[in-house]
Amino acid sequence: MTLELFIFYLFAVITLSSAVGVVTARNPVYAALYLILAFFTSAATWVLLEAEFLGVVLVLVYVGAVMVLFLFVIMMLDIKIDTLKEGMVRYLPLGLLVAVIVVAEMIFVMKSSTFDRAIPEPAPLSIDNTKALGEILYTEYMYPFEIAAVILVVAIIAAISLTLRRREGVKKQNQGEQVRTRKSDRLRVVKMDSEKRTSTRQEERS
Amino acid sequence: MLTSTLIPMQFAVPDFAPAIPEIFLLIGTGLVLLIDLFLKDSQRFITYVLSQAVLLITAGLVIAGFNDIYLAEAAQVTGKQSITTFSDMFVLDPMAQILKVAVLLITAGVFVYSRPYLFSREMYKGEYFTLGLFAVLGMMIMISAKTMLLIYLGLELLSLAMYALVAFRRDNGRASEAAMKYFVLGAIASGMLLYGMSIIYGVSGSLHIDHIAAYMGNHEVMQNIGLLLGLAFIIVGLGFKLGVVPFQMWIPDVYDGSPTAVTLFLGTAPKIAAFAMIIRLLVEGLGEMVQGWQQILSMLAALSFIIGNIVAIAQTNIKRMFAYSTISHMGFVLLGILAGSELGYAASMFYIITYAIIAAGGFAIIILLSRTGYEADQLNDLKGLSTRHPWYAFMMLLFLFSMAGVPPTVGFYAKLSVIQAVVSADLVWLAVIAVVMSVVGAYYYLRAIKLMYFDQPDEKDGAGKLLEPAKAGLDFNVLISANGLAVIALGILPGTLMALCVMAVKASL
């Protein structure tokens, strides 16, 4: 067994067992952490396949951003574990059936003559695939790349226009106004006439 | 370090000239978006004028590209008037030019029609116009797309802007429901389309429409189970987007639930883009599989005629009635495409452009009848329109006659040419269903006309007086009159537009 194969099996075993952990963990936070482990080891598999860009992106995007959001959501929601686990046994046969069908379909597709085409030769190691992707993205695929950017702009506009609202009666701070405040805004100087001592007090003192 | 790069060595900076209208539209939209941020609510008129200017200048730029010298050169070399740029991903041909002009001008009309509606409902915001402009950009990208990648990206740009527009009146429960349905079903449809595209890509090894067509040319396509599966998924996706039976469920709810100004937009320009998408994918890309898609589209068209026209009879809401009528009209569009001949494609193109013009007019009248706090979307709201507004009633009469296909309106000629195409493709049974169902459909159009001309208005205010007629601005009145007269003029003299469509199809496909 070569070292490469050994590393592959090591990561594959960790990926699979952590994937099982995602489904079986009783605590949703543990499940999310297992998912992070699964993503991380899959990223390692990508690197092993000389697709280092995909590996890095997987870690950055999924582990770094998506899973952190997941964890936030899980911690904010009060999830009852018992209700989630209800019916696990009841739905298990159906789930297994679906899994078997999917696996059978995948094997069927892989073996079918329709998609039977030569596996492309791996590019020599000297080619840096991050650089290669960048080069092709900013030359040949410039036009679709720009359109994808426009789609993101539209998503931002849509999200803001649908959620931004000025609500009445909301108490909020206006720092600018707070800083600009002057003495006359806060302090009221009341002019009062001086009063004479009343006779009753004098009597008390004495 | 020659080997360290994967870019083709011959990569040259692409020719931007064919895409100048799109580039201008994007820059203009960005400017409108920025300027709008600095305007007060009372100055929204500026946003509106700028958006209109951007649309009209873009249309001018597209028209300036007609008779382009490079197109003529391309025609002499390859026999087809089409030039591609951006690594062959963007195509400019006469069909794309005509469809783009139609989309731009119809959207400009839609903005004119929707302004009073938006104004009276506190929806007169810059986002309506900017999202509308982005949707137009999406349509133009779809129309000029030469790879499946761009078809999908353009479609998503269009759909995303549309989802937001449907949900625009956020505090309205029905609008939110419509937006939710539209979003979920639209996402499923995109998924189907993408799945079909990925299968086709897996089999043919390319996303480019021409390469797919070339692959099809030297393979037994009708025996290839992978291609057939891909075709089926693509047709499901297209069917959803176009809204033909059995993928029509979202149409009535979305048309009914959205603000009428958005329904007006949704029901007109995007249909033209959907037509372009079908032509690019099915005719240009999967042209060799014509046998396959002809069968499927025939069934879709026949079901659309039957369900669209029969269910429309039961509607009491005009917007829902128009929604079902759209379904049957889209059946007619499919009819021309499935004929599989140049004549058929041209007839379909004529149909979709004229339908967008008619539908814009029809929805404009609904907008006109509505007032602040009141949507005039029930059929009974049309009662006695002829005594209240004789001119608007006459315009509505023209639009309804045209939808029903009564001569001399343009609807008649459009239906006739589509049916001619399908008869010459030996699909007489389909033509018979189309004609019979058009007669059934005439019932509900004529019922609306009867309500307008033979019933008494019964809308009264508290004191028992007839309600004041709605007032519209000069621009609205001029445009609706031009729109109505165009329906008649195109009906009597369809030759120019039809010749343009035939020329475009001959030169492009």
# chains A, B, ... in the order shown; residues from 1 in each chain; ligands from 1
>>> closest_atom_pairs(of="chain B", to="chain A", cutoff="9 Å", atoms="only C-alpha atoms", output="JSON lines")
{"residue": "B:Thr3", "atom": "CA", "partner": "A:Ile127", "partner_atom": "CA", "distance": 7.7}
{"residue": "B:Ser4", "atom": "CA", "partner": "A:Ile127", "partner_atom": "CA", "distance": 5.1}
{"residue": "B:Thr5", "atom": "CA", "partner": "A:Ala132", "partner_atom": "CA", "distance": 6.1}
{"residue": "B:Leu6", "atom": "CA", "partner": "A:Ala132", "partner_atom": "CA", "distance": 5.8}
{"residue": "B:Ile7", "atom": "CA", "partner": "A:Ile136", "partner_atom": "CA", "distance": 5.8}
{"residue": "B:Pro8", "atom": "CA", "partner": "A:Ile136", "partner_atom": "CA", "distance": 8.8}
{"residue": "B:Phe11", "atom": "CA", "partner": "A:Thr139", "partner_atom": "CA", "distance": 7.5}
{"residue": "B:Ala12", "atom": "CA", "partner": "A:Thr139", "partner_atom": "CA", "distance": 8.5}
{"residue": "B:Val13", "atom": "CA", "partner": "A:Thr139", "partner_atom": "CA", "distance": 8.0}
{"residue": "B:Pro14", "atom": "CA", "partner": "A:Thr139", "partner_atom": "CA", "distance": 8.9}
{"residue": "B:Leu26", "atom": "CA", "partner": "A:Val150", "partner_atom": "CA", "distance": 8.6}
{"residue": "B:Phe86", "atom": "CA", "partner": "A:Tyr143", "partner_atom": "CA", "distance": 6.4}
{"residue": "B:Ser87", "atom": "CA", "partner": "A:Glu140", "partner_atom": "CA", "distance": 5.7}
{"residue": "B:Met89", "atom": "CA", "partner": "A:Tyr143", "partner_atom": "CA", "distance": 8.0}
{"residue": "B:Phe90", "atom": "CA", "partner": "A:Tyr143", "partner_atom": "CA", "distance": 8.4}
{"residue": "B:Glu127", "atom": "CA", "partner": "A:Ser161", "partner_atom": "CA", "distance": 6.9}
{"residue": "B:Thr130", "atom": "CA", "partner": "A:Ile157", "partner_atom": "CA", "distance": 8.8}
{"residue": "B:Leu131", "atom": "CA", "partner": "A:Val154", "partner_atom": "CA", "distance": 7.2}
{"residue": "B:Phe134", "atom": "CA", "partner": "A:Val154", "partner_atom": "CA", "distance": 7.2}
{"residue": "B:Gly138", "atom": "CA", "partner": "A:Ile147", "partner_atom": "CA", "distance": 8.7}
{"residue": "B:Ile141", "atom": "CA", "partner": "A:Ile147", "partner_atom": "CA", "distance": 8.7}
{"residue": "B:Leu149", "atom": "CA", "partner": "A:Pro144", "partner_atom": "CA", "distance": 7.5}
{"residue": "B:Leu150", "atom": "CA", "partner": "A:Pro144", "partner_atom": "CA", "distance": 6.3}
{"residue": "B:Leu153", "atom": "CA", "partner": "A:Ile147", "partner_atom": "CA", "distance": 6.9}
{"residue": "B:Gly154", "atom": "CA", "partner": "A:Ile147", "partner_atom": "CA", "distance": 7.7}
{"residue": "B:Glu156", "atom": "CA", "partner": "A:Ile151", "partner_atom": "CA", "distance": 7.4}
{"residue": "B:Leu157", "atom": "CA", "partner": "A:Ile151", "partner_atom": "CA", "distance": 5.4}
{"residue": "B:Leu158", "atom": "CA", "partner": "A:Ile151", "partner_atom": "CA", "distance": 8.9}
{"residue": "B:Leu160", "atom": "CA", "partner": "A:Ala155", "partner_atom": "CA", "distance": 7.0}
{"residue": "B:Ala161", "atom": "CA", "partner": "A:Val154", "partner_atom": "CA", "distance": 6.5}
{"residue": "B:Tyr163", "atom": "CA", "partner": "A:Ala158", "partner_atom": "CA", "distance": 8.5}
{"residue": "B:Ala164", "atom": "CA", "partner": "A:Ala158", "partner_atom": "CA", "distance": 5.4}
{"residue": "B:Leu165", "atom": "CA", "partner": "A:Ala158", "partner_atom": "CA", "distance": 8.2}
{"residue": "B:Ala167", "atom": "CA", "partner": "A:Leu162", "partner_atom": "CA", "distance": 7.5}
{"residue": "B:Phe168", "atom": "CA", "partner": "A:Leu162", "partner_atom": "CA", "distance": 6.7}
{"residue": "B:Arg169", "atom": "CA", "partner": "A:Leu162", "partner_atom": "CA", "distance": 8.5}
{"residue": "B:Arg170", "atom": "CA", "partner": "A:Leu162", "partner_atom": "CA", "distance": 6.8}
{"residue": "B:Gly202", "atom": "CA", "partner": "A:Phe115", "partner_atom": "CA", "distance": 6.5}
{"residue": "B:Val203", "atom": "CA", "partner": "A:Phe115", "partner_atom": "CA", "distance": 5.8}
{"residue": "B:Asn224", "atom": "CA", "partner": "A:Thr114", "partner_atom": "CA", "distance": 7.2}
{"residue": "B:Ile225", "atom": "CA", "partner": "A:Thr114", "partner_atom": "CA", "distance": 7.5}
{"residue": "B:Gly226", "atom": "CA", "partner": "A:Thr114", "partner_atom": "CA", "distance": 6.1}
{"residue": "B:Leu227", "atom": "CA", "partner": "A:Thr114", "partner_atom": "CA", "distance": 8.6}
>>> select_by_dssp(residues="stretch 12-173 of chain A", states="alpha helix (DSSP H)", output="ChimeraX atom specification")
/A:12-24,28-48,52-57,67-76,81-85,88-111,129-137,142-163
>>> closest_residue(among="B:Phe38, B:Ala364, B:Ile83, B:Pro21", to="B:Gly60", atoms="only C-alpha atoms")
B:Pro21
>>> residues_around(residues="stretch 236-240 of chain B", least_positions_apart="3", cutoff="10 Å", atoms="only C-alpha atoms", output="PyMOL selection string")
chain B and resi 185-197+230-233+243-251+274-275+277-278+281-282+296-297+300+330+334
>>> residues_around(residues="stretch 477-493 of chain B", least_positions_apart="4", cutoff="8 Å", atoms="only C-alpha atoms", output="PyMOL selection string")
chain B and resi 109+354+357-358+361+364+395-396+398-399+402+407-413+472-473+497
>>> closest_residue(among="A:Pro120, A:Gly21, A:Pro93, A:Gly176", to="A:Ile36", atoms="only C-alpha atoms")
A:Gly21
